[in-house]
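Next comes protein_1.cif, a file with mmCIF, C-alpha atoms.
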data_upload
loop_
_atom_site.group_PDB
_atom_site.id
_atom_site.type_symbol
_atom_site.label_atom_id
_atom_site.label_comp_id
_atom_site.auth_asym_id
_atom_site.auth_seq_id
_atom_site.Cartn_x
_atom_site.Cartn_y
_atom_site.Cartn_z
ATOM 1 C CA MET A 217 -4.462 -0.236 -13.664
ATOM 2 C CA ALA A 218 -5.224 3.371 -12.698
ATOM 3 C CA GLU A 219 -3.649 4.779 -9.551
ATOM 4 C CA LEU A 220 -4.536 7.780 -7.413
ATOM 5 C CA THR A 221 -1.542 9.026 -5.406
ATOM 6 C CA PHE A 222 -1.594 11.297 -2.379
ATOM 7 C CA SER A 223 1.999 12.563 -2.242
ATOM 8 C CA HIS A 224 3.501 14.301 0.818
ATOM 9 C CA LEU A 225 0.362 16.322 1.515
ATOM 10 C CA ARG A 226 0.496 18.985 4.187
ATOM 11 C CA LYS A 227 -2.239 21.354 5.288
ATOM 12 C CA ALA A 228 -2.302 23.579 8.361
ATOM 13 C CA TYR A 229 -4.990 25.850 9.763
ATOM 14 C CA ALA A 230 -3.135 28.406 11.907
ATOM 15 C CA ALA A 231 -1.431 26.292 14.600
ATOM 16 C CA THR A 232 -3.377 23.101 13.780
ATOM 17 C CA VAL A 233 -1.755 20.716 11.321
ATOM 18 C CA ALA A 234 -4.597 18.796 9.663
ATOM 19 C CA SER A 235 -2.413 16.864 7.224
ATOM 20 C CA ASP A 236 1.237 16.223 8.015
ATOM 21 C CA ASP A 237 3.293 14.806 5.114
ATOM 22 C CA VAL A 238 0.689 12.156 4.200
ATOM 23 C CA SER A 239 1.465 9.800 1.312
ATOM 24 C CA PHE A 240 -0.435 6.747 0.048
ATOM 25 C CA GLU A 241 -1.941 5.442 -3.163
ATOM 26 C CA VAL A 242 -5.293 3.978 -4.157
ATOM 27 C CA ARG A 243 -5.541 1.510 -7.046
ATOM 28 C CA SER A 244 -8.358 0.785 -9.425
ATOM 29 C CA GLY A 245 -10.184 -2.452 -8.797
ATOM 30 C CA GLU A 246 -9.949 -2.194 -5.011
ATOM 31 C CA VAL A 247 -12.057 -0.697 -2.257
ATOM 32 C CA PHE A 248 -9.723 1.446 -0.171
ATOM 33 C CA GLY A 249 -10.609 2.362 3.406
ATOM 34 C CA LEU A 250 -9.698 5.831 4.677
ATOM 35 C CA LEU A 251 -9.989 5.550 8.451
ATOM 36 C CA GLY A 252 -9.396 7.614 11.550
ATOM 37 C CA PRO A 253 -11.114 9.078 14.609
ATOM 38 C CA ASN A 254 -13.124 12.278 14.420
ATOM 39 C CA GLY A 255 -10.871 15.249 13.717
ATOM 40 C CA ALA A 256 -8.004 13.059 12.480
ATOM 41 C CA GLY A 257 -7.661 14.803 9.107
ATOM 42 C CA LYS A 258 -9.634 12.516 6.781
ATOM 43 C CA SER A 259 -11.979 15.272 5.642
ATOM 44 C CA THR A 260 -9.034 17.539 4.877
ATOM 45 C CA LEU A 261 -7.572 14.883 2.566
ATOM 46 C CA ILE A 262 -10.909 14.451 0.800
ATOM 47 C CA ARG A 263 -11.345 18.226 0.421
ATOM 48 C CA MET A 264 -7.879 18.503 -1.107
ATOM 49 C CA LEU A 265 -8.760 15.709 -3.512
ATOM 50 C CA MET A 266 -11.941 17.551 -4.505
ATOM 51 C CA ASP A 267 -10.074 20.886 -4.816
ATOM 52 C CA ILE A 268 -12.259 22.436 -2.129
ATOM 53 C CA ILE A 269 -9.068 23.465 -0.348
ATOM 54 C CA ALA A 270 -5.490 23.573 -1.631
ATOM 55 C CA PRO A 271 -2.591 21.799 0.111
ATOM 56 C CA ASP A 272 0.233 23.872 1.579
ATOM 57 C CA ALA A 273 2.647 21.289 0.186
ATOM 58 C CA GLY A 274 2.499 18.063 -1.769
ATOM 59 C CA GLU A 275 0.238 17.034 -4.626
ATOM 60 C CA ILE A 276 -2.405 14.539 -5.744
ATOM 61 C CA LEU A 277 -1.618 12.547 -8.881
ATOM 62 C CA LEU A 278 -3.658 10.361 -11.192
ATOM 63 C CA ASP A 279 -1.527 7.894 -13.147
ATOM 64 C CA GLY A 280 1.526 10.052 -12.546
ATOM 65 C CA HIS A 281 0.127 13.444 -13.582
ATOM 66 C CA ARG A 282 -1.199 16.169 -11.313
ATOM 67 C CA LEU A 283 -4.959 15.847 -10.822
ATOM 68 C CA GLY A 284 -6.730 18.544 -12.847
ATOM 69 C CA PRO A 285 -10.279 19.846 -13.444
ATOM 70 C CA LYS A 286 -11.049 17.272 -16.163
ATOM 71 C CA ASP A 287 -9.919 14.476 -13.867
ATOM 72 C CA ARG A 288 -12.154 15.795 -11.082
ATOM 73 C CA ASP A 289 -15.127 15.662 -13.459
ATOM 74 C CA ARG A 290 -14.614 11.880 -13.325
ATOM 75 C CA ILE A 291 -15.042 11.813 -9.537
ATOM 76 C CA GLY A 292 -18.271 10.816 -7.844
ATOM 77 C CA TYR A 293 -18.262 12.318 -4.356
ATOM 78 C CA LEU A 294 -20.720 11.508 -1.584
ATOM 79 C CA PRO A 295 -20.186 13.927 1.328
ATOM 80 C CA GLU A 296 -21.145 12.957 4.848
ATOM 81 C CA GLU A 297 -23.488 15.954 5.076
ATOM 82 C CA ARG A 298 -26.861 15.922 3.300
ATOM 83 C CA GLY A 299 -26.612 17.727 -0.048
ATOM 84 C CA LEU A 300 -30.165 17.551 -1.393
ATOM 85 C CA TYR A 301 -32.621 20.347 -2.174
ATOM 86 C CA ARG A 302 -35.360 19.418 0.237
ATOM 87 C CA LYS A 303 -38.265 21.235 -1.449
ATOM 88 C CA GLU A 304 -37.540 19.841 -4.924
ATOM 89 C CA LYS A 305 -38.720 16.611 -6.529
ATOM 90 C CA VAL A 306 -36.274 13.712 -6.387
ATOM 91 C CA ILE A 307 -36.123 13.362 -10.174
ATOM 92 C CA ASP A 308 -35.378 17.070 -10.628
ATOM 93 C CA VAL A 309 -32.547 16.966 -8.072
ATOM 94 C CA LEU A 310 -30.945 13.990 -9.826
ATOM 95 C CA ILE A 311 -31.294 15.563 -13.266
ATOM 96 C CA TYR A 312 -29.563 18.669 -11.912
ATOM 97 C CA PHE A 313 -26.719 16.573 -10.458
ATOM 98 C CA GLY A 314 -26.284 14.800 -13.787
ATOM 99 C CA MET A 315 -26.181 18.063 -15.740
ATOM 100 C CA LEU A 316 -23.545 19.436 -13.354
ATOM 101 C CA LYS A 317 -21.379 16.517 -14.476
ATOM 102 C CA GLY A 318 -21.859 17.309 -18.163
ATOM 103 C CA LEU A 319 -24.869 15.182 -19.088
ATOM 104 C CA VAL A 320 -27.580 16.669 -21.296
ATOM 105 C CA ARG A 321 -31.021 16.816 -19.673
ATOM 106 C CA ALA A 322 -32.483 13.820 -21.535
ATOM 107 C CA ALA A 323 -29.543 11.589 -20.666
ATOM 108 C CA ALA A 324 -29.549 12.818 -17.059
ATOM 109 C CA ARG A 325 -33.255 12.005 -16.736
ATOM 110 C CA GLN A 326 -32.820 8.556 -18.241
ATOM 111 C CA ARG A 327 -29.952 7.720 -15.918
ATOM 112 C CA ALA A 328 -31.762 9.191 -12.913
ATOM 113 C CA LEU A 329 -34.766 6.942 -13.487
ATOM 114 C CA ALA A 330 -32.509 3.918 -13.990
ATOM 115 C CA TRP A 331 -30.624 4.599 -10.753
ATOM 116 C CA LEU A 332 -33.782 5.216 -8.772
ATOM 117 C CA ASP A 333 -34.957 1.812 -9.919
ATOM 118 C CA ARG A 334 -31.587 0.340 -8.962
ATOM 119 C CA VAL A 335 -31.859 1.637 -5.386
ATOM 120 C CA ASP A 336 -35.524 0.626 -5.065
ATOM 121 C CA LEU A 337 -36.888 4.184 -5.224
ATOM 122 C CA ALA A 338 -38.530 4.214 -8.667
ATOM 123 C CA ALA A 339 -41.902 5.031 -7.108
ATOM 124 C CA MET A 340 -40.399 8.086 -5.385
ATOM 125 C CA ALA A 341 -39.280 9.964 -8.508
ATOM 126 C CA GLU A 342 -41.996 12.639 -8.294
ATOM 127 C CA ARG A 343 -41.929 12.937 -4.512
ATOM 128 C CA ARG A 344 -40.320 15.886 -2.756
ATOM 129 C CA VAL A 345 -37.071 15.191 -0.940
ATOM 130 C CA ASP A 346 -38.423 16.383 2.418
ATOM 131 C CA GLN A 347 -41.169 13.746 2.211
ATOM 132 C CA MET A 348 -38.619 10.938 2.331
ATOM 133 C CA SER A 349 -36.976 9.178 5.262
ATOM 134 C CA LYS A 350 -33.317 9.696 6.147
ATOM 135 C CA GLY A 351 -32.397 6.342 4.624
ATOM 136 C CA GLN A 352 -34.278 7.090 1.418
ATOM 137 C CA GLN A 353 -32.549 10.455 1.120
ATOM 138 C CA GLN A 354 -29.206 8.734 1.563
ATOM 139 C CA LYS A 355 -30.003 6.388 -1.319
ATOM 140 C CA VAL A 356 -30.976 9.361 -3.498
ATOM 141 C CA GLN A 357 -27.580 10.911 -2.754
ATOM 142 C CA ILE A 358 -25.855 7.655 -3.636
ATOM 143 C CA ALA A 359 -27.786 7.476 -6.915
ATOM 144 C CA GLY A 360 -26.709 11.045 -7.652
ATOM 145 C CA THR A 361 -23.087 10.179 -6.922
ATOM 146 C CA LEU A 362 -23.118 7.264 -9.382
ATOM 147 C CA LEU A 363 -25.293 8.921 -12.035
ATOM 148 C CA HIS A 364 -22.467 10.041 -14.335
ATOM 149 C CA ASP A 365 -20.597 6.701 -14.179
ATOM 150 C CA PRO A 366 -17.530 8.010 -12.312
ATOM 151 C CA SER A 367 -14.142 6.324 -12.599
ATOM 152 C CA ILE A 368 -13.146 7.608 -9.148
ATOM 153 C CA LEU A 369 -15.625 7.164 -6.309
ATOM 154 C CA VAL A 370 -15.213 8.866 -2.919
ATOM 155 C CA MET A 371 -17.815 7.828 -0.355
ATOM 156 C CA ASP A 372 -17.889 9.500 3.072
ATOM 157 C CA GLU A 373 -20.111 7.507 5.476
ATOM 158 C CA PRO A 374 -22.314 6.058 2.702
ATOM 159 C CA PHE A 375 -24.115 3.699 5.114
ATOM 160 C CA SER A 376 -25.436 6.477 7.360
ATOM 161 C CA GLY A 377 -29.155 6.036 8.037
ATOM 162 C CA LEU A 378 -29.449 2.742 6.139
ATOM 163 C CA ASP A 379 -31.181 -0.356 7.472
ATOM 164 C CA PRO A 380 -29.480 -3.776 7.074
ATOM 165 C CA MET A 381 -31.112 -4.525 3.701
ATOM 166 C CA ASN A 382 -30.060 -1.214 2.190
ATOM 167 C CA THR A 383 -26.596 -1.521 3.727
ATOM 168 C CA VAL A 384 -26.181 -4.724 1.727
ATOM 169 C CA LEU A 385 -27.494 -2.955 -1.385
ATOM 170 C CA VAL A 386 -24.918 -0.152 -1.111
ATOM 171 C CA ARG A 387 -22.148 -2.590 -0.216
ATOM 172 C CA ASP A 388 -22.917 -4.529 -3.398
ATOM 173 C CA LEU A 389 -22.846 -1.318 -5.451
ATOM 174 C CA LEU A 390 -19.391 -0.431 -4.143
ATOM 175 C CA GLN A 391 -18.082 -3.910 -4.897
ATOM 176 C CA GLU A 392 -19.608 -3.738 -8.368
ATOM 177 C CA ARG A 393 -17.866 -0.418 -9.076
ATOM 178 C CA SER A 394 -14.587 -1.821 -7.823
ATOM 179 C CA ARG A 395 -14.850 -4.905 -10.049
ATOM 180 C CA ALA A 396 -15.543 -2.598 -13.008
ATOM 181 C CA GLY A 397 -12.126 -0.974 -12.458
ATOM 182 C CA CYS A 398 -13.255 2.094 -10.546
ATOM 183 C CA ILE A 399 -11.005 3.669 -7.897
ATOM 184 C CA VAL A 400 -13.117 3.478 -4.727
ATOM 185 C CA VAL A 401 -12.278 5.386 -1.537
ATOM 186 C CA LEU A 402 -14.482 4.589 1.447
ATOM 187 C CA SER A 403 -14.398 6.672 4.624
ATOM 188 C CA THR A 404 -16.453 5.242 7.467
ATOM 189 C CA HIS A 405 -16.396 4.495 11.191
ATOM 190 C CA GLN A 406 -18.187 1.172 10.691
ATOM 191 C CA MET A 407 -15.280 -1.236 11.036
ATOM 192 C CA PRO A 408 -17.222 -4.447 10.243
ATOM 193 C CA LEU A 409 -18.106 -2.960 6.841
ATOM 194 C CA VAL A 410 -14.481 -1.976 6.270
ATOM 195 C CA GLU A 411 -13.496 -5.578 6.969
ATOM 196 C CA ALA A 412 -16.167 -6.857 4.585
ATOM 197 C CA LEU A 413 -15.346 -4.442 1.774
ATOM 198 C CA CYS A 414 -11.798 -3.106 1.849
ATOM 199 C CA ASP A 415 -8.683 -4.611 0.314
ATOM 200 C CA ARG A 416 -6.298 -2.030 1.760
ATOM 201 C CA VAL A 417 -6.663 0.766 4.305
ATOM 202 C CA ALA A 418 -4.954 3.918 5.528
ATOM 203 C CA MET A 419 -5.521 5.186 9.045
ATOM 204 C CA ILE A 420 -4.985 8.863 9.832
ATOM 205 C CA HIS A 421 -4.499 10.165 13.368
ATOM 206 C CA GLN A 422 -3.769 13.794 14.248
ATOM 207 C CA GLY A 423 -2.940 14.491 10.624
ATOM 208 C CA ARG A 424 -0.415 11.681 10.213
ATOM 209 C CA LEU A 425 -0.509 8.327 8.483
ATOM 210 C CA VAL A 426 -0.248 5.708 11.231
ATOM 211 C CA LEU A 427 -1.409 2.477 9.553
ATOM 212 C CA TYR A 428 -1.299 1.677 5.859
ATOM 213 C CA GLY A 429 -1.421 -1.454 3.745
ATOM 214 C CA PRO A 430 -3.395 -4.600 2.973
ATOM 215 C CA LEU A 431 -5.992 -5.317 5.623
ATOM 216 C CA GLU A 432 -4.731 -8.818 6.313
ATOM 217 C CA GLU A 433 -1.149 -7.599 6.693
ATOM 218 C CA ILE A 434 -2.242 -4.940 9.174
ATOM 219 C CA ARG A 435 -4.214 -7.540 11.093
ATOM 220 C CA ARG A 436 -1.192 -9.871 11.112
ATOM 221 C CA GLN A 437 1.341 -7.236 12.186
ATOM 222 C CA ASP A 438 -0.743 -5.075 14.514
ATOM 223 C CA GLY A 439 -3.276 -7.549 15.838
ATOM 224 C CA GLU A 440 -3.039 -9.769 18.899
ATOM 225 C CA ALA A 441 -3.179 -13.547 18.532
ATOM 226 C CA SER A 442 -6.104 -14.893 20.545
ATOM 227 C CA VAL A 443 -8.255 -17.981 20.907
ATOM 228 C CA LEU A 444 -11.851 -18.361 22.089
ATOM 229 C CA VAL A 445 -12.096 -21.336 24.426
ATOM 230 C CA GLU A 446 -14.878 -23.148 26.254
ATOM 231 C CA ALA A 447 -14.231 -26.031 28.625
ATOM 232 C CA ASP A 448 -15.967 -28.156 31.238
ATOM 233 C CA GLY A 449 -14.521 -26.692 34.424
ATOM 234 C CA GLU A 450 -11.882 -24.066 35.052
ATOM 235 C CA ILE A 451 -9.268 -23.092 32.496
ATOM 236 C CA PRO A 452 -5.819 -23.010 34.120
ATOM 237 C CA THR A 453 -3.473 -20.027 33.952
ATOM 238 C CA LEU A 454 -0.911 -20.792 31.274
ATOM 239 C CA ASP A 455 2.556 -19.294 30.770
ATOM 240 C CA ILE A 456 1.864 -18.269 27.139
ATOM 241 C CA ALA A 457 -1.318 -16.354 27.983
ATOM 242 C CA ALA A 458 -0.899 -12.569 28.171
ATOM 243 C CA ARG A 459 -4.414 -12.032 29.526
ATOM 244 C CA SER A 460 -7.933 -13.353 29.157
ATOM 245 C CA GLU A 461 -11.468 -12.004 29.121
ATOM 246 C CA ARG A 462 -14.754 -13.797 29.540
ATOM 247 C CA GLN A 463 -17.237 -13.632 26.661
ATOM 248 C CA GLY A 464 -20.409 -15.345 27.821
ATOM 249 C CA PRO A 465 -19.720 -19.014 28.541
ATOM 250 C CA ARG A 466 -16.381 -18.780 26.721
ATOM 251 C CA VAL A 467 -13.008 -17.217 27.489
ATOM 252 C CA ARG A 468 -10.918 -15.308 24.981
ATOM 253 C CA ILE A 469 -7.242 -15.956 25.675
ATOM 254 C CA PHE A 470 -4.730 -13.437 24.298
ATOM 255 C CA LEU A 471 -1.357 -14.998 23.581
ATOM 256 C CA LYS A 472 2.066 -13.562 24.339
ATOM 257 C CA PRO A 473 4.247 -12.538 21.367
ATOM 258 C CA GLY A 474 5.723 -15.570 19.650
ATOM 259 C CA ALA A 475 3.046 -17.970 20.902
ATOM 260 C CA GLY A 476 0.451 -19.471 18.595
ATOM 261 C CA PRO A 477 -2.876 -21.303 18.872
ATOM 262 C CA ARG A 478 -1.114 -24.655 18.409
ATOM 263 C CA ASP A 479 1.018 -23.932 21.505
ATOM 264 C CA LEU A 480 -2.110 -23.145 23.501
ATOM 265 C CA MET A 481 -3.832 -26.330 22.347
ATOM 266 C CA GLU A 482 -0.809 -28.451 23.323
ATOM 267 C CA ARG A 483 -0.652 -26.931 26.800
ATOM 268 C CA MET A 484 -4.370 -27.405 27.376
ATOM 269 C CA LEU A 485 -4.202 -31.028 26.327
ATOM 270 C CA ARG A 486 -1.159 -31.488 28.572
ATOM 271 C CA HIS A 487 -3.171 -30.089 31.494
ATOM 272 C CA GLY A 488 -6.090 -32.362 30.653
ATOM 273 C CA VAL A 489 -8.507 -29.480 30.013
ATOM 274 C CA PRO A 490 -11.831 -30.948 28.731
ATOM 275 C CA LEU A 491 -12.321 -28.618 25.750
ATOM 276 C CA GLN A 492 -15.764 -28.010 24.296
ATOM 277 C CA HIS A 493 -14.791 -25.191 21.924
ATOM 278 C CA PHE A 494 -11.479 -23.937 20.514
ATOM 279 C CA GLU A 495 -11.634 -21.138 17.927
ATOM 280 C CA VAL A 496 -8.821 -18.994 16.565
ATOM 281 C CA VAL A 497 -9.983 -15.354 16.573
ATOM 282 C CA ARG A 498 -9.130 -13.016 13.702
ATOM 283 C CA THR A 499 -8.322 -9.714 15.371
ATOM 284 C CA PRO A 500 -11.174 -7.302 14.611
ATOM 285 C CA LEU A 501 -10.032 -4.139 12.848
ATOM 286 C CA GLU A 502 -11.892 -2.125 15.474
ATOM 287 C CA GLU A 503 -9.554 -3.478 18.177
ATOM 288 C CA ILE A 504 -6.488 -2.505 16.144
ATOM 289 C CA PHE A 505 -8.009 0.933 15.495
ATOM 290 C CA VAL A 506 -8.743 1.623 19.170
ATOM 291 C CA ARG A 507 -5.437 0.232 20.438
ATOM 292 C CA THR A 508 -3.446 2.259 17.896
ATOM 293 C CA VAL A 509 -5.206 5.521 18.803
ATOM 294 C CA ARG A 510 -4.747 4.920 22.527
ATOM 295 C CA ARG A 511 -1.091 4.058 22.095
ATOM 296 C CA LEU A 512 -0.422 7.159 20.026
ATOM 297 C CA ASP A 513 -2.310 9.409 22.422
ATOM 298 C CA ALA A 514 -0.314 7.956 25.306
ATOM 299 C CA ALA A 515 3.057 8.254 23.543
ATOM 300 C CA PRO A 516 2.925 10.941 20.836
ATOM 301 C CA ALA A 517 6.686 10.785 20.329
ATOM 302 C CA GLU A 518 6.315 7.277 18.938
ATOM 303 C CA ARG A 519 3.743 8.299 16.354
ATOM 304 C CA GLY A 520 6.107 8.601 13.426
ATOM 305 C CA ALA A 521 7.660 5.202 14.048
ATOM 306 C CA LEU A 522 4.280 3.514 13.678
ATOM 307 C CA ALA A 523 3.512 4.848 10.222
ATOM 308 C CA GLY A 524 5.477 2.091 8.389
ATOM 309 C CA ALA A 525 4.448 2.468 4.762
ATOM 310 C CA ARG A 526 3.160 -0.938 3.705
ATOM 311 C CA SER A 527 1.912 -1.641 0.230
#
Any chance you could give the structure as structure tokens?
Amino acid sequence: MAELTFSHLRKAYAATVASDDVSFEVRSGEVFGLLGPNGAGKSTLIRMLMDIIAPDAGEILLDGHRLGPKDRDRIGYLPEERGLYRKEKVIDVLIYFGMLKGLVRAAARQRALAWLDRVDLAAMAERRVDQMSKGQQQKVQIAGTLLHDPSILVMDEPFSGLDPMNTVLVRDLLQERSRAGCIVVLSTHQMPLVEALCDRVAMIHQGRLVLYGPLEEIRRQDGEASVLVEADGEIPTLDIAARSERQGPRVRIFLKPGAGPRDLMERMLRHGVPLQHFEVVRTPLEEIFVRTVRRLDAAPAERGALAGARS
């Protein structure tokens, strides 16, 4: 199993520390989520990985050795910004991308046509890039990223501009690459897609690693236990409820630490509450994300204590 290791990376721009002693690893066969609010330092980590900028300290390793130029040739990188030549034909742009990665022209053309077919753009091969929609251009970029069969895949907001059908298409491609043993790093603000795709995640905030580990472990340790309840009549205030919020005809009850859904059910039955619906809620990653950022912004001194390297 291949492993990409970010080891004690630090990068500062004048007085701004963009990466502050960040360490984590990404394993082949998993989709790894790199998360954080805007300006958190995610792009700096990706740029160090791509050798666009050099770290002030620390290193990036692949299977224990320092990542070098030949290793970077194995990386497929989709930047968040558009990187297409707008006045050129789609097929010519993809051939150029393939040749940049070492493919001869004939092989690059063959793969370009195959990938255009794969992303439902075969009929667009001879069309100019600027004649395509934003979503179509995004799929061309994704095809170009996968053209040379990379063993490391770094995708920065790959779902930008895609409709639901094409979102599913790209999601399936990422899962396919992961199952094939590729190292997949996904950076996105779309938390439902992170939950659907990612095995493990790292969250960066103000240059520091603040959450890291398997998604389910993060949800278990940093989430809030809650239950969605609907009843005929009023729901009484219970001693194990931390707070509640109405969601349409139902009420989401957040439980105090140490209390579980079974305790809530027992108390409701004891009070004779005529339940119509009782559903244990898996804490959405978005809630954990927002609560973590707010907590760190409110108490910056606690930031280091929250990092807790989990693997």
(message) Give me the residues near Tyr229 (chain A) as a list of chain:residue names, where near means some atom within 12 Å (using all atoms listed in the file) and where sequence neighbours in that chain fewer than 3 positions away do not count.
(response) A:Arg226, A:Thr232, A:Val233, A:Ala234, A:Ser235, A:Asp236, A:Gly257, A:Thr260, A:Ile269, A:Ala270, A:Pro271, A:Asp272, A:Gly423
(message) When you count only C-alpha atoms, which of these residues is closest to Ala341 (chain A): A:Ala322, A:Leu310, A:Ser376, A:Ser367?
(response) A:Leu310
(request) Could you jot down the CA of His421 (chain A) to CA of Thr383 (chain A) separation for me, Å, one decimal place? (result)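 CA of Thr383 (chain A) lies 26.8 Å from CA of His421 (chain A).
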(message) Under the rule that all atoms listed in the file are counted, which of A:Val345, A:Ala458, A:Leu501, A:Leu261 is the nearest residue to Glu304 (chain A)?
(response) A:Val345
(message) I'd like to know which of A:Asp333, A:Glu246, A:Glu495, A:Asp372 is closest to His405 (chain A), using all atoms listed in the file.
(response) A:Asp372
(request) Report as number ranges by chain the residues that result from applying the PyMOL selection byres ((chain A and resi 298) around 10) to the structure here. (result) A: 294-297, 299-302, 350, 353-354, 357
(request) Take the point (-10.7, -4.5, -1.0) in the file's coordinates, draw a sphere of radius 10 Å around it, and report as a ChimeraX atom specification every protein, DNA or RNA residue with an atom inside or on it, counting only C-alpha atoms. (result) /A:243,245-249,391,394-395,400,410-417,430-431
(message) Between A:Ala328, A:Ala475, A:Leu425, A:Leu283, which residue has the minimum interatomic distance to His224 (chain A), considering all atoms listed in the file?
(response)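 Among the listed residues, the smallest separation from His224 (chain A) belongs to A:Leu425.
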Around region 352-356 of chain A, with edges along x, y and z and 6 Å added on all six sides, what centre and edge lengths do you get, in Å to one decimal, as lines of an AutoDock Vina configuration file?
center_x = -31.7
center_y = 8.4
center_z = -1.0
size_x = 17.1
size_y = 16.1
size_z = 17.1
(request) Rounded to one decimal place, report the CA of Asp346 (chain A)-CA of Gly377 (chain A) distance in Å. (result)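 CA of Gly377 (chain A) lies at a distance of 15.0 Å from CA of Asp346 (chain A).
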(request) Do a neighbour search on Gly464 (chain A) at 12 Å with all atoms listed in the file, toss out local chain neighbours closer than 5 positions, and write the hits as a ChimeraX atom specification. (result) /A:444-446
(message) Taking all atoms listed in the file into account, name the residue in A:Ile368, A:Cys398, A:Val426, A:Ile358 that is nearest to Arg507 (chain A).
(response)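 Result for the nearest residue to Arg507 (chain A): A:Val426.
Between CA of Arg393 (chain A) and CA of Tyr312 (chain A) there is a distance of 22.6 Å.
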(message) Could you check the closest approach to Ile469 (chain A) for each of A:Ala323, A:Arg288, A:Phe494, A:Asp448 and tell me which residue wins, using only C-alpha atoms?
(response)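 Closest residue, counting only C-alpha atoms: A:Phe494.
Run against this file, the PyMOL selection byres ((chain A and resi 442) around 8) gives back Glu440, Ala441, Val443, Leu444, Arg468, Ile469, Phe470, Leu471, Pro477, Val496, Val497, Arg498 and Thr499 of chain A.
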Please complete region 303-314 of chain A so it has N, CA and C atoms, and hand it over as a PDB file, in the coordinates of the input.
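Wrote it out as rebuild_11.pdb, contents follow:
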ATOM      1  N   LYS A 303     -36.940  20.872  -0.940  1.00  0.00           N
ATOM      2  CA  LYS A 303     -38.265  21.235  -1.449  1.00  0.00           C
ATOM      3  C   LYS A 303     -38.479  20.812  -2.904  1.00  0.00           C
ATOM      4  N   GLU A 304     -37.450  20.234  -3.514  1.00  0.00           N
ATOM      5  CA  GLU A 304     -37.540  19.841  -4.924  1.00  0.00           C
ATOM      6  C   GLU A 304     -37.919  18.369  -5.062  1.00  0.00           C
ATOM      7  N   LYS A 305     -38.428  18.013  -6.244  1.00  0.00           N
ATOM      8  CA  LYS A 305     -38.720  16.611  -6.529  1.00  0.00           C
ATOM      9  C   LYS A 305     -37.418  15.831  -6.700  1.00  0.00           C
ATOM     10  N   VAL A 306     -37.457  14.571  -6.303  1.00  0.00           N
ATOM     11  CA  VAL A 306     -36.274  13.712  -6.387  1.00  0.00           C
ATOM     12  C   VAL A 306     -35.729  13.663  -7.811  1.00  0.00           C
ATOM     13  N   ILE A 307     -36.585  13.475  -8.797  1.00  0.00           N
ATOM     14  CA  ILE A 307     -36.123  13.362 -10.174  1.00  0.00           C
ATOM     15  C   ILE A 307     -35.438  14.646 -10.632  1.00  0.00           C
ATOM     16  N   ASP A 308     -35.967  15.796 -10.222  1.00  0.00           N
ATOM     17  CA  ASP A 308     -35.378  17.070 -10.628  1.00  0.00           C
ATOM     18  C   ASP A 308     -33.999  17.275  -9.999  1.00  0.00           C
ATOM     19  N   VAL A 309     -33.854  16.853  -8.740  1.00  0.00           N
ATOM     20  CA  VAL A 309     -32.547  16.966  -8.072  1.00  0.00           C
ATOM     21  C   VAL A 309     -31.510  16.115  -8.798  1.00  0.00           C
ATOM     22  N   LEU A 310     -31.886  14.887  -9.159  1.00  0.00           N
ATOM     23  CA  LEU A 310     -30.945  13.990  -9.826  1.00  0.00           C
ATOM     24  C   LEU A 310     -30.606  14.482 -11.235  1.00  0.00           C
ATOM     25  N   ILE A 311     -31.580  14.996 -11.941  1.00  0.00           N
ATOM     26  CA  ILE A 311     -31.294  15.563 -13.266  1.00  0.00           C
ATOM     27  C   ILE A 311     -30.290  16.707 -13.140  1.00  0.00           C
ATOM     28  N   TYR A 312     -30.482  17.549 -12.141  1.00  0.00           N
ATOM     29  CA  TYR A 312     -29.563  18.669 -11.912  1.00  0.00           C
ATOM     30  C   TYR A 312     -28.150  18.162 -11.623  1.00  0.00           C
ATOM     31  N   PHE A 313     -28.032  17.146 -10.760  1.00  0.00           N
ATOM     32  CA  PHE A 313     -26.719  16.573 -10.458  1.00  0.00           C
ATOM     33  C   PHE A 313     -26.060  16.038 -11.727  1.00  0.00           C
ATOM     34  N   GLY A 314     -26.829  15.349 -12.550  1.00  0.00           N
ATOM     35  CA  GLY A 314     -26.284  14.800 -13.787  1.00  0.00           C
ATOM     36  C   GLY A 314     -25.799  15.886 -14.736  1.00  0.00           C
TER      37      GLY A 314
END
